[in-house]
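Next up, model-v9.cif (mmCIF, C-alpha atoms):
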```
data_input
#
loop_
_atom_site.label_atom_id
_atom_site.label_comp_id
_atom_site.auth_asym_id
_atom_site.auth_seq_id
_atom_site.Cartn_x
_atom_site.Cartn_y
_atom_site.Cartn_z
CA MET W 29 1.41 21.18 -53.36
CA THR W 30 3.84 21.22 -50.46
CA PHE W 31 7.54 20.70 -50.17
CA ASP W 32 8.56 19.71 -46.66
CA LEU W 33 11.85 18.05 -45.77
CA THR W 34 11.41 17.85 -41.99
CA PRO W 35 9.68 14.40 -41.86
CA LEU W 36 12.82 12.94 -43.44
CA ALA W 37 15.05 13.82 -40.47
CA PRO W 38 14.58 10.49 -38.58
CA TYR W 39 15.50 8.58 -41.73
CA LEU W 40 18.83 10.27 -42.38
CA GLY W 41 20.59 7.36 -40.65
CA ASP W 42 19.07 4.87 -43.13
CA LEU W 43 20.13 7.02 -46.06
CA ALA W 44 23.65 7.29 -44.61
CA ALA W 45 23.82 3.50 -44.31
CA GLY W 46 22.74 3.25 -47.96
CA ALA W 47 25.34 5.81 -48.96
CA ARG W 48 28.01 3.77 -47.15
CA LEU W 49 26.99 0.67 -49.10
CA THR W 50 27.09 2.63 -52.36
CA ALA W 51 30.54 3.99 -51.51
CA MET W 52 31.82 0.52 -50.65
CA ALA W 53 30.43 -1.08 -53.81
CA CYS W 54 31.89 1.74 -55.92
CA ALA W 55 35.31 1.54 -54.25
CA LEU W 56 35.50 -2.23 -54.78
CA ALA W 57 34.23 -1.88 -58.35
CA LEU W 58 36.78 0.85 -58.99
CA ALA W 59 39.58 -1.49 -57.92
CA GLY W 60 38.13 -4.39 -59.93
CA GLY W 61 37.42 -2.22 -62.95
CA LEU W 62 40.90 -0.72 -62.87
CA ALA W 63 42.52 -4.16 -62.71
CA LEU W 64 40.34 -5.49 -65.55
CA GLY W 65 40.76 -2.28 -67.53
CA ILE W 66 44.56 -2.36 -67.31
CA VAL W 67 44.69 -6.00 -68.41
CA ALA W 68 42.22 -5.36 -71.26
CA ALA W 69 44.08 -2.22 -72.35
CA LEU W 70 47.41 -4.07 -72.41
CA MET W 71 45.78 -6.84 -74.44
CA ARG W 72 44.22 -4.36 -76.86
CA THR W 73 47.57 -2.68 -77.48
CA ALA W 74 49.48 -5.99 -77.61
CA ALA W 75 51.20 -7.30 -80.72
CA SER W 76 49.33 -10.62 -80.65
CA PRO W 77 46.16 -10.42 -82.80
CA LEU W 78 44.45 -13.08 -80.69
CA ALA W 79 44.80 -11.07 -77.48
CA ARG W 80 43.66 -7.94 -79.32
CA ARG W 81 40.57 -9.61 -80.69
CA ALA W 82 39.59 -11.18 -77.37
CA ALA W 83 39.91 -7.89 -75.48
CA ASP W 84 38.09 -5.97 -78.22
CA ALA W 85 35.20 -8.45 -78.06
CA TYR W 86 34.98 -8.04 -74.27
CA VAL W 87 34.85 -4.25 -74.50
CA ASP W 88 32.41 -4.34 -77.42
CA VAL W 89 29.92 -6.57 -75.59
CA PHE W 90 30.03 -4.80 -72.25
CA ARG W 91 29.73 -1.34 -73.79
CA ASN W 92 26.83 -2.14 -76.10
CA VAL W 93 24.57 -4.13 -73.78
CA PRO W 94 22.61 -2.23 -71.09
CA PHE W 95 24.01 -2.59 -67.60
CA ILE W 96 20.72 -3.82 -66.17
CA VAL W 97 20.70 -6.71 -68.66
CA GLN W 98 24.27 -7.64 -67.68
CA LEU W 99 23.26 -7.43 -64.03
CA PHE W 100 20.22 -9.69 -64.47
CA PHE W 101 22.29 -12.11 -66.54
CA LEU W 102 24.73 -12.50 -63.65
CA PHE W 103 22.17 -12.31 -60.85
CA TYR W 104 19.88 -15.00 -62.29
CA GLY W 105 22.47 -16.89 -64.32
CA LEU W 106 25.26 -17.46 -61.81
CA PRO W 107 23.19 -19.52 -59.31
CA GLU W 108 22.10 -21.66 -62.28
CA ILE W 109 25.68 -22.83 -62.79
CA GLY W 110 26.21 -23.32 -59.05
CA VAL W 111 27.88 -20.01 -58.20
CA GLU W 112 25.92 -18.60 -55.27
CA LEU W 113 26.94 -15.01 -54.66
CA SER W 114 25.27 -12.42 -52.45
CA ALA W 115 23.48 -9.52 -54.14
CA PHE W 116 26.34 -7.27 -53.06
CA SER W 117 29.05 -9.48 -54.61
CA THR W 118 27.04 -9.90 -57.80
CA GLY W 119 26.61 -6.14 -57.99
CA VAL W 120 30.31 -5.46 -57.46
CA LEU W 121 31.19 -8.10 -60.05
CA ALA W 122 28.82 -6.62 -62.63
CA LEU W 123 30.03 -3.07 -61.94
CA SER W 124 33.67 -4.19 -62.24
CA LEU W 125 33.03 -5.95 -65.54
CA ALA W 126 31.22 -2.97 -67.06
CA GLY W 127 33.67 -0.50 -65.50
CA GLY W 128 36.62 -2.49 -66.84
CA ALA W 129 35.36 -2.08 -70.40
CA PHE W 130 35.16 1.70 -70.10
CA THR W 131 38.41 1.94 -68.12
CA SER W 132 40.29 -0.01 -70.78
CA ASP W 133 39.28 2.60 -73.38
CA VAL W 134 40.80 5.38 -71.31
CA ILE W 135 44.00 3.51 -70.45
CA ARG W 136 44.36 2.29 -74.03
CA SER W 137 44.49 5.86 -75.31
CA GLY W 138 46.94 6.65 -72.51
CA ILE W 139 49.19 3.82 -73.70
CA LEU W 140 48.91 4.86 -77.33
CA ALA W 141 49.95 8.38 -76.32
CA VAL W 142 53.33 7.09 -75.06
CA GLU W 143 55.88 8.08 -77.69
CA PRO W 144 57.39 5.18 -79.65
CA GLY W 145 60.84 6.72 -79.06
CA VAL W 146 60.50 6.12 -75.33
CA LEU W 147 59.73 2.45 -75.92
CA GLU W 148 62.65 2.08 -78.33
CA ALA W 149 65.00 3.70 -75.82
CA ALA W 150 63.81 1.27 -73.15
CA GLN W 151 64.29 -1.70 -75.46
CA VAL W 152 67.77 -0.54 -76.45
CA SER W 153 68.64 -0.21 -72.77
CA GLY W 154 67.96 -3.92 -72.46
CA LEU W 155 64.95 -3.72 -70.16
CA SER W 156 62.74 -6.80 -70.08
CA ARG W 157 59.18 -6.54 -71.41
CA LEU W 158 57.73 -6.75 -67.91
CA ALA W 159 60.02 -3.97 -66.71
CA ILE W 160 59.06 -1.77 -69.67
CA TYR W 161 55.37 -2.21 -68.88
CA ARG W 162 55.76 -1.86 -65.12
CA ARG W 163 58.28 0.98 -64.96
CA ILE W 164 57.64 2.99 -68.12
CA VAL W 165 54.43 2.38 -70.04
CA LEU W 166 51.92 1.99 -67.22
CA PRO W 167 53.15 4.85 -65.00
CA MET W 168 53.05 7.23 -67.99
CA ALA W 169 49.72 5.96 -69.31
CA LEU W 170 48.02 5.92 -65.91
CA ARG W 171 49.06 9.36 -64.85
CA THR W 172 47.87 11.04 -68.04
CA SER W 173 44.51 9.27 -67.78
CA VAL W 174 43.57 10.28 -64.23
CA ARG W 175 41.04 12.91 -65.31
CA PRO W 176 39.21 10.71 -67.87
CA LEU W 177 39.30 7.90 -65.30
CA GLY W 178 37.53 10.33 -62.97
CA SER W 179 34.62 10.63 -65.40
CA VAL W 180 34.50 6.85 -65.78
CA PHE W 181 34.27 6.64 -61.99
CA VAL W 182 31.51 9.26 -61.94
CA ASN W 183 29.58 7.08 -64.37
CA LEU W 184 30.24 4.08 -62.15
CA VAL W 185 28.72 5.89 -59.15
CA LEU W 186 25.65 6.81 -61.21
CA THR W 187 25.37 3.27 -62.57
CA SER W 188 25.58 1.81 -59.06
CA SER W 189 22.03 3.09 -58.46
CA ILE W 190 20.85 0.27 -60.74
CA LEU W 191 22.03 -2.25 -58.13
CA SER W 192 18.80 -1.42 -56.27
CA ALA W 193 17.05 -3.55 -58.93
CA ILE W 194 18.63 -6.73 -57.50
CA THR W 195 17.40 -6.19 -53.93
CA LEU W 196 20.56 -4.42 -52.79
CA ASN W 197 19.67 -1.56 -50.45
CA GLU W 198 22.33 0.92 -51.43
CA LEU W 199 21.57 4.65 -51.52
CA THR W 200 18.76 4.39 -54.11
CA GLY W 201 17.38 1.20 -52.57
CA SER W 202 17.22 2.69 -49.08
CA ALA W 203 15.66 5.87 -50.48
CA LYS W 204 12.91 3.72 -51.99
CA ILE W 205 12.16 2.35 -48.52
CA VAL W 206 12.22 5.82 -46.97
CA ALA W 207 9.87 7.11 -49.69
CA ALA W 208 7.44 4.28 -48.97
CA ASP W 209 7.61 4.93 -45.20
CA THR W 210 7.14 8.70 -45.28
CA PHE W 211 4.76 8.99 -48.27
CA GLN W 212 6.92 11.88 -49.48
CA PRO W 213 8.52 10.50 -52.62
CA PHE W 214 9.17 13.88 -54.23
CA GLU W 215 11.18 15.22 -51.30
CA VAL W 216 13.10 11.97 -50.91
CA TYR W 217 14.07 11.63 -54.57
CA ALA W 218 14.83 15.34 -54.96
CA LEU W 219 17.20 15.06 -52.00
CA LEU W 220 18.68 11.91 -53.54
CA LEU W 221 19.25 13.72 -56.84
CA LEU W 222 21.20 16.44 -55.06
CA LEU W 223 23.14 13.87 -52.99
CA TYR W 224 24.28 12.03 -56.12
CA ALA W 225 25.13 15.30 -57.87
CA ALA W 226 27.21 16.37 -54.86
CA MET W 227 28.98 13.00 -54.72
CA THR W 228 29.87 12.96 -58.40
CA TRP W 229 30.89 16.61 -58.26
CA LEU W 230 33.31 15.78 -55.42
CA VAL W 231 34.67 12.82 -57.40
CA SER W 232 35.34 14.84 -60.54
CA LEU W 233 36.80 17.69 -58.47
CA SER W 234 39.27 15.39 -56.71
CA ALA W 235 40.12 13.64 -59.98
CA GLY W 236 40.99 17.06 -61.43
CA VAL W 237 43.18 17.97 -58.44
CA LEU W 238 44.95 14.59 -58.54
CA HIS W 239 45.44 14.91 -62.30
CA ARG W 240 47.08 18.31 -61.96
CA ARG W 241 49.30 17.11 -59.09
CA LEU W 242 50.52 14.01 -60.92
CA ASN W 243 51.13 15.86 -64.18
CA ARG W 244 52.59 19.07 -62.73
CA ASP W 245 56.02 18.48 -64.30
CA LEU W 246 54.59 18.00 -67.80
CA GLY W 247 53.94 21.71 -68.25
CA MET N 23 1.27 -27.03 -63.71
CA ARG N 24 3.94 -24.63 -64.90
CA TYR N 25 4.28 -23.43 -68.45
CA ALA N 26 8.04 -23.40 -68.35
CA ASP N 27 8.65 -23.94 -72.08
CA PHE N 28 9.07 -21.23 -74.65
CA THR N 29 5.98 -20.77 -76.82
CA PRO N 30 5.49 -18.98 -80.15
CA HIS N 31 3.62 -16.33 -78.20
CA ASP N 32 6.88 -15.39 -76.44
CA LEU N 33 8.25 -14.24 -79.77
CA LEU N 34 5.31 -11.87 -80.08
CA LEU N 35 5.97 -10.59 -76.56
CA LEU N 36 9.62 -10.07 -77.46
CA LEU N 37 8.68 -8.11 -80.59
CA GLN N 38 6.24 -6.02 -78.58
CA GLY N 39 8.93 -5.19 -76.01
CA LEU N 40 11.35 -4.35 -78.79
CA GLY N 41 8.74 -2.05 -80.33
CA VAL N 42 8.17 -0.22 -77.03
CA SER N 43 11.93 0.24 -76.50
CA VAL N 44 12.51 1.50 -80.04
CA ALA N 45 9.47 3.80 -79.98
CA LEU N 46 10.47 5.37 -76.65
CA PHE N 47 14.06 5.72 -77.81
CA ALA N 48 12.99 7.43 -81.04
CA ALA N 49 10.47 9.72 -79.32
CA THR N 50 12.84 10.79 -76.54
CA THR N 51 15.65 11.35 -79.03
CA VAL N 52 13.50 13.68 -81.15
CA ILE N 53 12.12 15.58 -78.14
CA GLY N 54 15.51 15.68 -76.42
CA LEU N 55 17.14 16.94 -79.59
CA ALA N 56 14.57 19.74 -79.91
CA ILE N 57 14.84 20.82 -76.24
CA GLY N 58 18.63 20.47 -76.07
CA LEU N 59 19.13 22.50 -79.25
CA ALA N 60 16.72 25.15 -77.98
CA TRP N 61 18.77 25.39 -74.78
CA ALA N 62 21.96 25.71 -76.82
CA VAL N 63 20.40 28.56 -78.85
CA LEU N 64 19.51 30.30 -75.56
CA ARG N 65 23.17 30.13 -74.69
CA TYR N 66 24.27 31.26 -78.15
CA TYR N 67 22.18 34.42 -77.70
CA ARG N 68 23.53 34.76 -74.13
CA THR N 69 19.98 35.18 -72.79
CA PRO N 70 20.28 36.61 -69.28
CA LEU N 71 18.95 34.44 -66.41
CA LEU N 72 17.69 31.69 -68.73
CA ALA N 73 21.11 30.66 -70.05
CA PRO N 74 22.74 30.11 -66.60
CA LEU N 75 19.56 28.41 -65.37
CA VAL N 76 19.63 25.99 -68.28
CA ALA N 77 23.32 25.29 -67.71
CA ALA N 78 22.61 24.46 -64.04
CA VAL N 79 19.68 22.18 -64.90
CA ALA N 80 21.74 20.36 -67.53
CA GLU N 81 24.57 19.90 -65.05
CA LEU N 82 22.18 18.45 -62.44
CA LEU N 83 20.57 16.07 -64.95
CA LYS N 84 23.97 14.95 -66.20
CA ASN N 85 25.32 14.28 -62.72
CA SER N 86 22.52 12.23 -61.23
CA PRO N 87 21.41 8.66 -61.96
CA VAL N 88 18.65 8.31 -64.53
CA LEU N 89 17.00 5.80 -62.22
CA VAL N 90 16.61 8.43 -59.51
CA GLN N 91 15.25 10.91 -62.07
CA LEU N 92 12.75 8.27 -63.14
CA PHE N 93 11.65 7.69 -59.55
CA LEU N 94 11.39 11.43 -58.95
CA VAL N 95 9.09 11.87 -61.95
CA PHE N 96 7.09 8.66 -61.59
CA PHE N 97 6.63 8.51 -57.81
CA GLY N 98 7.34 12.09 -56.75
CA LEU N 99 5.77 14.35 -59.35
CA PRO N 100 2.20 12.95 -59.12
CA VAL N 101 2.25 13.45 -55.34
CA LEU N 102 3.57 16.99 -55.60
CA LEU N 103 1.19 18.07 -58.37
CA GLU N 104 -1.68 15.78 -57.30
CA THR N 105 -2.06 14.26 -60.74
CA ASP N 106 -1.60 10.81 -62.24
CA LEU N 107 1.19 9.74 -64.52
CA THR N 108 1.36 6.46 -66.40
CA PRO N 109 4.76 4.74 -66.41
CA GLU N 110 5.03 5.50 -70.13
CA GLN N 111 4.46 9.23 -69.61
CA ALA N 112 6.97 9.31 -66.77
CA ALA N 113 9.52 7.49 -68.92
CA LEU N 114 8.93 9.88 -71.82
CA ILE N 115 9.37 12.98 -69.63
CA THR N 116 12.46 11.70 -67.82
CA LEU N 117 14.34 10.33 -70.81
CA SER N 118 13.56 13.40 -72.94
CA GLY N 119 14.94 15.68 -70.24
CA ASN N 120 18.00 13.51 -69.72
CA THR N 121 18.74 13.33 -73.45
CA ALA N 122 18.22 17.09 -73.74
CA ALA N 123 20.87 17.74 -71.07
CA PHE N 124 23.49 15.72 -72.93
CA ILE N 125 22.50 17.15 -76.34
CA TYR N 126 22.86 20.63 -74.85
CA VAL N 127 26.45 19.89 -73.78
CA ILE N 128 27.33 18.43 -77.18
CA ALA N 129 25.69 21.32 -79.06
CA VAL N 130 27.46 23.96 -76.95
CA SER N 131 30.90 22.49 -77.54
CA ALA N 132 30.13 21.95 -81.24
CA ILE N 133 29.11 25.60 -81.60
CA GLU N 134 32.24 26.70 -79.79
CA ALA N 135 34.34 24.56 -82.12
CA VAL N 136 33.44 26.87 -85.02
CA GLY N 137 36.24 29.40 -85.30
CA ARG N 138 35.72 32.92 -83.90
CA GLU N 139 37.09 34.58 -87.03
CA GLN N 140 34.19 33.12 -89.00
CA LEU N 141 31.71 34.85 -86.71
CA GLU N 142 33.61 38.11 -87.08
CA THR N 143 33.70 37.75 -90.86
CA ALA N 144 29.97 37.10 -90.91
CA ARG N 145 29.37 40.27 -88.90
CA VAL N 146 31.55 42.27 -91.24
CA PHE N 147 29.41 41.03 -94.12
CA GLY N 148 26.37 42.35 -92.28
CA LEU N 149 24.74 39.02 -91.43
CA SER N 150 22.40 39.08 -88.44
CA ARG N 151 23.08 36.78 -85.49
CA TRP N 152 20.30 34.44 -86.62
CA GLN N 153 21.67 34.32 -90.18
CA THR N 154 25.13 33.59 -88.83
CA LEU N 155 23.74 30.75 -86.74
CA ARG N 156 21.57 29.34 -89.51
CA ARG N 157 23.98 29.65 -92.46
CA ILE N 158 27.45 29.46 -90.93
CA VAL N 159 27.53 28.01 -87.44
CA ALA N 160 24.82 25.32 -87.62
CA PRO N 161 26.07 23.35 -90.68
CA GLN N 162 29.61 23.14 -89.31
CA ALA N 163 28.52 22.45 -85.73
CA ALA N 164 26.31 19.61 -86.97
CA ALA N 165 29.33 17.93 -88.53
CA PHE N 166 31.40 18.44 -85.35
CA GLY N 167 28.63 17.23 -83.09
CA LEU N 168 27.72 14.03 -84.90
CA GLY N 169 30.62 12.01 -83.49
CA PRO N 170 29.77 12.65 -79.84
CA LEU N 171 26.07 12.35 -80.73
CA THR N 172 26.64 8.78 -81.91
CA GLY N 173 28.14 7.84 -78.55
CA LEU N 174 25.28 9.57 -76.78
CA LEU N 175 22.56 7.79 -78.77
CA VAL N 176 24.12 4.37 -78.20
CA ASN N 177 24.21 5.23 -74.51
CA GLN N 178 20.64 6.55 -74.43
CA LEU N 179 19.40 3.33 -76.04
CA GLN N 180 20.87 1.45 -73.10
CA VAL N 181 19.37 3.95 -70.68
CA THR N 182 15.89 3.09 -72.00
CA SER N 183 16.31 -0.33 -70.36
CA LEU N 184 15.88 1.38 -66.95
CA ILE N 185 12.23 2.19 -67.60
CA SER N 186 11.46 -1.49 -66.99
CA VAL N 187 12.02 -0.74 -63.28
CA ILE N 188 8.96 1.53 -63.12
CA GLY N 189 6.81 -0.99 -64.97
CA VAL N 190 6.98 -0.09 -68.66
CA VAL N 191 6.88 -3.36 -70.61
CA ASP N 192 9.95 -2.73 -72.73
CA LEU N 193 12.50 -5.25 -73.97
CA THR N 194 14.16 -5.63 -70.55
CA LYS N 195 10.81 -6.09 -68.78
CA VAL N 196 9.86 -8.77 -71.32
CA GLY N 197 13.18 -10.42 -70.47
CA ALA N 198 12.34 -10.32 -66.76
CA ILE N 199 8.88 -11.82 -67.43
CA LEU N 200 10.26 -14.63 -69.60
CA ASN N 201 13.09 -15.23 -67.13
CA LEU N 202 10.70 -15.69 -64.22
CA ARG N 203 8.39 -17.96 -66.17
CA THR N 204 10.90 -20.21 -67.93
CA LEU N 205 13.75 -20.02 -65.39
CA LYS N 206 16.26 -20.12 -68.23
CA PRO N 207 18.28 -16.99 -67.46
CA PHE N 208 21.13 -17.73 -69.86
CA ILE N 209 18.97 -18.07 -72.96
CA VAL N 210 16.63 -15.20 -72.09
CA TRP N 211 19.23 -12.61 -71.11
CA THR N 212 21.54 -13.59 -73.97
CA VAL N 213 18.73 -12.99 -76.48
CA ILE N 214 17.78 -9.68 -74.84
CA GLY N 215 21.42 -8.59 -74.71
CA LEU N 216 21.94 -9.56 -78.33
CA LEU N 217 18.91 -7.54 -79.45
CA TYR N 218 20.23 -4.45 -77.63
CA TYR N 219 23.68 -5.05 -79.08
CA LEU N 220 22.32 -5.24 -82.63
CA MET N 221 20.29 -2.07 -82.15
CA ALA N 222 23.35 -0.24 -80.79
CA ARG N 223 25.33 -1.40 -83.82
CA LEU N 224 22.60 -0.19 -86.17
CA ILE N 225 22.56 3.26 -84.53
CA ALA N 226 26.34 3.55 -84.75
CA ARG N 227 26.28 2.61 -88.44
CA VAL N 228 23.49 5.03 -89.37
CA CYS N 229 25.29 7.86 -87.54
CA ALA N 230 28.59 7.05 -89.25
CA ARG N 231 26.82 7.29 -92.63
CA ALA N 232 25.30 10.65 -91.73
CA GLU N 233 28.64 11.96 -90.51
CA ALA N 234 30.37 10.94 -93.74
CA ARG N 235 27.69 12.84 -95.69
CA LEU N 236 27.93 15.97 -93.54
CA ARG N 237 31.70 16.02 -93.82
CA ALA N 238 31.67 15.38 -97.57
CA HIS N 239 32.19 19.08 -98.36
CA SER N 240 35.48 19.20 -96.47
CA GLN N 241 36.86 16.09 -98.11
CA TRP N 242 39.62 16.54 -100.65
CA LYS N 243 38.17 15.57 -104.02
CA GLY N 244 41.21 16.14 -106.22
CA LEU N 245 41.67 18.75 -108.94
#
```
Could I get this file's structure written as structure tokens?
Amino acid sequence: MTFDLTPLAPYLGDLAAGARLTAMACALALAGGLALGIVAALMRTAASPLARRAADAYVDVFRNVPFIVQLFFLFYGLPEIGVELSAFSTGVLALSLAGGAFTSDVIRSGILAVEPGVLEAAQVSGLSRLAIYRRIVLPMALRTSVRPLGSVFVNLVLTSSILSAITLNELTGSAKIVAADTFQPFEVYALLLLLYAAMTWLVSLSAGVLHRRLNRDLG
Amino acid sequence: MRYADFTPHDLLLLLQGLGVSVALFAATTVIGLAIGLAWAVLRYYRTPLLAPLVAAVAELLKNSPVLVQLFLVFFGLPVLLETDLTPEQAALITLSGNTAAFIYVIAVSAIEAVGREQLETARVFGLSRWQTLRRIVAPQAAAFGLGPLTGLLVNQLQVTSLISVIGVVDLTKVGAILNLRTLKPFIVWTVIGLLYYLMARLIARVCARAEARLRAHSQWKGL
């Protein structure tokens, strides 16, 4: 029983390349998930029952089906209908779709926390619906949901490891290769565990700082 | 020639995969519940050294991908300890530990949700710490914790799908096998997804029932 990290030194570059790919996929999925989440949250809090039901169904499906099943559905299904995407694009798409479902939950509760009086005041002032959403509801809802959005993003980073199952060599995928090359799987995966923990810790730390900064005038 | 059509045997395979997924989910939930609650009791008694250690382990397990934990146990542990692990054993160990970490967090916050003055009252009445935990804290904490527990269990069911990556023939692996043989991804993955969805729904409903029962005492029944 030995624990020796030194043979891993020449492979740090590979792991860094994997980490870059993970970071890029997560950043793109964050943007996609946020966009989808905002739209879904607005639909779920809308007056129209049709929009509400459609958005609820979307969230229900993507929250209750395992991510790996969604990923395989897209990865094997999309080429079948003539949409040829790279593994990276498929991964980002799947992450955005799943992330959007969880994001919409957070933003929805942010929207519901906006006092009805504020909305009435805006309506009385003669603001258009678009202006009310753009200038009043969304800024208030988004800034109170920064911290919970941080934990959704943490989950997104952890979930991104599953992208290694569709041949994408992000951090986990490249670690698999390194483990096979060095014959030291325990060291490699232990290091990987700590790397992910450090990454997610940084994410939740910065989400907390941002949250406090944006909400500093709320007391 | 290729056997690209679905056969009645596929249904059997599907049921087998479903059985493996459900069995592993049930086993890891029971083991995780036992370990997580034990950790929470360690914290309740403020055991020196052990309590902070457990908190650190739980934090690490919570903040790393389950897939990496699976790889660490399945590929790493046998090399380090020079033993053999079957994929099923590795899955059982990893998922139990992961569930335990989340149960620990839920249990700790549920215990803390019980008001301090109740603990003080119990002490005044001369109850020991164990009696306080058993008779006063635990019943209330169980009711507080069931809501988050429901979310956790639904999530853990989905996490079981990851064990297909290390070769356990669970529902997802059966899906991958059928997908490769029939090349009908839409049908296969829709059926697999639907089965997971129904199971998640079932778990949520059972937990909601249990929560209603546990909270029955605090419901207003009228005079």
- Task: Please report as a PyMOL selection string which residues of chain W come no farther than 6 Å from chain N, using all atoms listed in the file.
- Result: chain W and resi 29+92-94+101+104-105+186+213-214+217+221+224-225
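The gap separating atom CA of Ala230 of chain N from atom CA of Arg157 of chain N is 23.3 Å, in Å to one decimal.
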- What does the distance between atom CA of Gly137 of chain N and atom CA of Ala165 of chain N come to in Å, to one decimal place?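 Separating atom CA of Gly137 of chain N from atom CA of Ala165 of chain N is a distance of 13.8 Å.
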- Query: In Å, how far is it from atom CA of Ala159 of chain W to atom CA of Ile66 of chain W?
  - Reply: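 Computing the Euclidean distance for atom CA of Ala159 of chain W and atom CA of Ile66 of chain W yields 15.6 Å.
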- From the list W:Asp84, W:Glu198, W:Glu215, W:Glu112, which residue is nearest Asp32 of chain W when using all atoms listed in the file?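 Using all atoms listed in the file, the shortest distance to Asp32 of chain W belongs to W:Glu215.
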- Message: Take the PyMOL selection byres ((chain W and resi 36) around 12), run it mentally on this structure, and tell me the resulting residues as a count of residues only.
- Response: 29
- Tell me which residues the PyMOL selection byres ((chain N and resi 76) around 9) grabs here, as a list in words.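 Output from the PyMOL selection byres ((chain N and resi 76) around 9), applied to this file: Trp61, Ala62, Leu64, Arg65, Leu71, Leu72, Ala73, Pro74, Leu75, Ala77, Ala78, Val79, Ala80, Glu81 and Ala123 of chain N.
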- Might you spell out which residues the PyMOL selection byres ((chain W and resi 165) around 12) would select in the displayed file, as a PyMOL selection string? chain W and resi 66+69-70+73+135-148+150-151+157-164+166-172
- For Ile188 of chain N, which of N:Ala49, N:Ala232, N:Leu59, N:Ala112 is the closest residue, counting only C-alpha atoms? N:Ala112
- Message: Can you tell me which residues surround Leu106 of chain W at a distance of at most 12 Å, considering all atoms listed in the file, apart from same-chain residues fewer than 3 positions away, and format the answer as an MDAnalysis selection string?
- Response: (chainID W and resid 98:103 109:115 117:118 121:122) or (chainID N and resid 206:208)
- Task: Write out as a ChimeraX atom specification which residues come within 10 Å of Asp192 of chain N when counting all atoms listed in the file, dropping same-chain ones fewer than 6 positions away.
- Result: /N:35-46,110,182-186,198
Listed atoms of segment 78-94 of chain N boxed along x, y and z, 6 Å each side, centre and edge lengths in Å, one decimal, as lines of an AutoDock Vina configuration file:
```
center_x = 18.4
center_y = 15.1
center_z = -63.2
size_x = 25.9
size_y = 30.7
size_z = 20.6
```
- With distances taken over all atoms listed in the file, which of N:Val159, N:Leu171, N:Leu117, N:Val146 is nearest to Ile133 of chain N?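 That would be N:Val159, the residue with the smallest distance to Ile133 of chain N.
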- Just the residues within 9 Å of Leu191 of chain W, please, counting only C-alpha atoms, with nothing from its chain fewer than 2 positions along; format it as a ChimeraX atom specification. /W:96,99,115-116,119-120,123,187-189,193-198,200-201
- Smallest atom-to-atom distance to Leu177 of chain W: which of W:Phe130, W:Phe95, W:Phe90, W:Trp229, using all atoms listed in the file?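 Closest residue, counting all atoms listed in the file: W:Phe130.
For Val63 of chain N, the residues within 10 Å (counting all atoms listed in the file, excluding itself and residues fewer than 2 positions away along the chain) are N:Ile57, N:Gly58, N:Leu59, N:Ala60, N:Trp61, N:Arg65, N:Tyr66, N:Tyr67, N:Arg68, N:Thr69, N:Ala73, N:Tyr126, N:Ala129, N:Val130, N:Ile133, N:Trp152, N:Leu155.
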- Shortest interatomic distance to Ala144 of chain N - which of N:Ile128, N:Ala48, N:Leu175, N:Ile158, counting all atoms listed in the file: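 Closest to Ala144 of chain N, using all atoms listed in the file: N:Ile158.
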